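> Before I ask anything, here is the structure I am working with.
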Amino acid sequence: MTIRAVVRGVGHYLPARVVPNSEFETLVDTTDEWIRSRSGIEQRHFAADGETTSDLGANAAKAALADAGMEASDLDAIVLATSTADLTFPSAATMVQAKIGMTNGFAFDVQAVCAGFVFALANANALILSGQAKRVMVIGAETFSRILDFNDRSTCVLFGDGAGALILEATEGQGTSADQGILSTDLHSDGSYRDLLYVDGGVSTTGTSGHLRMQGNQVFRHAVEKLAETAHTALDKAGLGPGDVDWIVPHQANIRIIEGTAKRMQVPMERVVVTVQDHGNTSAASIPLALSVGKARGQIKTGDLLVTEAIGGGLSWGSVVLRW
Ligand code: ACO
């Protein structure tokens, strides 16, 4: 008998305000055509004044609980991936815990920027496999609009706000790749790439929250290569290959990265869940958002084999293979 962390529910939340590319034409020297052709993004959502990352996360968490038919008190833990928490401390996870009315268990944040949800999933899986928790809510929630420099056309057009949540439950499996649940994880980081993608402020440096800085074309080069490699490694670990994949659910940063990675993995685009056109890059929220939207569209079905992969600041990158 093998314990597996099996998906019991999924949900998402997007702030009401939709920001089309055309809005940026009035802010910086850019065009809708440039943004679409270079990134695939058509619009993104921005949180309202006073709407915080934990508000977005709590709404996604409530949607996932409803999908699973569970109460907040059924959960043992919340693992929340974010780089844009409400406050320096306490964690956004504990704020979500309070907002959904959960007073038992434990909650903490994971920070691996755009790779955050993959890192959070791997941590939640480890909590379940070790027996520390039976039911874990895994959330990706971000308000990247709060750390954008709206004078920098090379970054401000790319990001958006949102949240997605997944509930994992310990379930007995057979120990084979036919099991439902998380089948393998593969995580990496290399801090020597710090300057490619960072925020130029923080508690122990400037005392401010700072703004996002990115050498986009350098990150792009690393992205396709590292994402395809980690996805292959995770599939190998699960005893599976690209031909077994029903859906790649990638981090939604740029359609060209998504297409390049799928091509390297030899998986056709018909088997890739794509939401970047509607959400922009929502960092740690992008994969759970895509999982929730992919299920709602009728793409992702019970028994499907999914590969999630993401790369972000650090650099940090990784992949999780799971059967839905
Ligand atoms: N509008 C018009 N022109 C622009 C804009 C804009 N919004 N932004 C940049 N340009 C210009 C540049 O100034 C440059 O002009 P130049 O040739 O005169 O110098 C030209 O467009 C080309 O710039 P590049 O940066 O080379 O363009 P590229 O094709 O690489 O696309 C992009 C840029 C979209 C940022 C791409 O590199 C990318 O997606 N990179 C990866 C992003 C990513 O995946 N990040 C990881 C996750 S994010 C996280 O962890 C927080």
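Each chain of the structure tokens is named A, B, ... in the order shown, its residues numbered from 1; ligands are numbered from 1 in display order.
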Run DSSP on the backbone and give me the residues of region 206-303 of chain A it puts in strand (DSSP E), as a list of chain:residue names.

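Taking region 206-303 of chain A and keeping strand (DSSP E) gives A:Leu212, A:Arg213, A:Met214, A:Trp247, A:Ile248, A:Val249, A:Pro250.
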
> For region 151-233 of chain A versus region 124-145 of chain A, which residues have an atom no more than 7 Å away, and what is each residue's nearest atom pair and distance in Å rounded to one decimal, using only C-alpha atoms, chain-then-number order, as a tab-separated table?


```
residue	atom	partner	partner_atom	distance
A:Phe159	CA	A:Phe144	CA	6.4
A:Gly160	CA	A:Phe144	CA	6.0
A:Asp161	CA	A:Thr143	CA	4.6
A:Gly162	CA	A:Glu142	CA	5.8
A:Ala163	CA	A:Ala141	CA	4.1
A:Gly164	CA	A:Gly140	CA	5.5
A:Ala165	CA	A:Ile139	CA	4.3
A:Leu166	CA	A:Val138	CA	5.2
A:Ile167	CA	A:Met137	CA	4.5
A:Leu168	CA	A:Val136	CA	5.2
A:Glu169	CA	A:Arg135	CA	4.4
A:Ala170	CA	A:Lys134	CA	5.0
```

> What is the distance, in Å and to one decimal place, between atom 41 (C, counted along the ligand's line) of ligand 1 and CA of Ala253 (chain A)?

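A separation of 6.6 Å between them.
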
> CA of Thr155 (chain A) and CA of Asn281 (chain A) are how many Å apart?

10.4 Å

> List the neighbours of Gly216 (chain A) out to 10 Å using only C-alpha atoms; skip same-chain residues closer than 4 positions along the sequence, and give me the result as a ChimeraX atom specification.

/A:154-155,196-197,220-221

> Need to verify the contact set: Phe117 (chain A), 10 Å, only C-alpha atoms, exclusion of same-chain residues closer than 6 positions in sequence. Can you return it as a ChimeraX atom specification?

/A:79-82,110-111,123,138-141,164-165,251,283-288,308-310,318-320
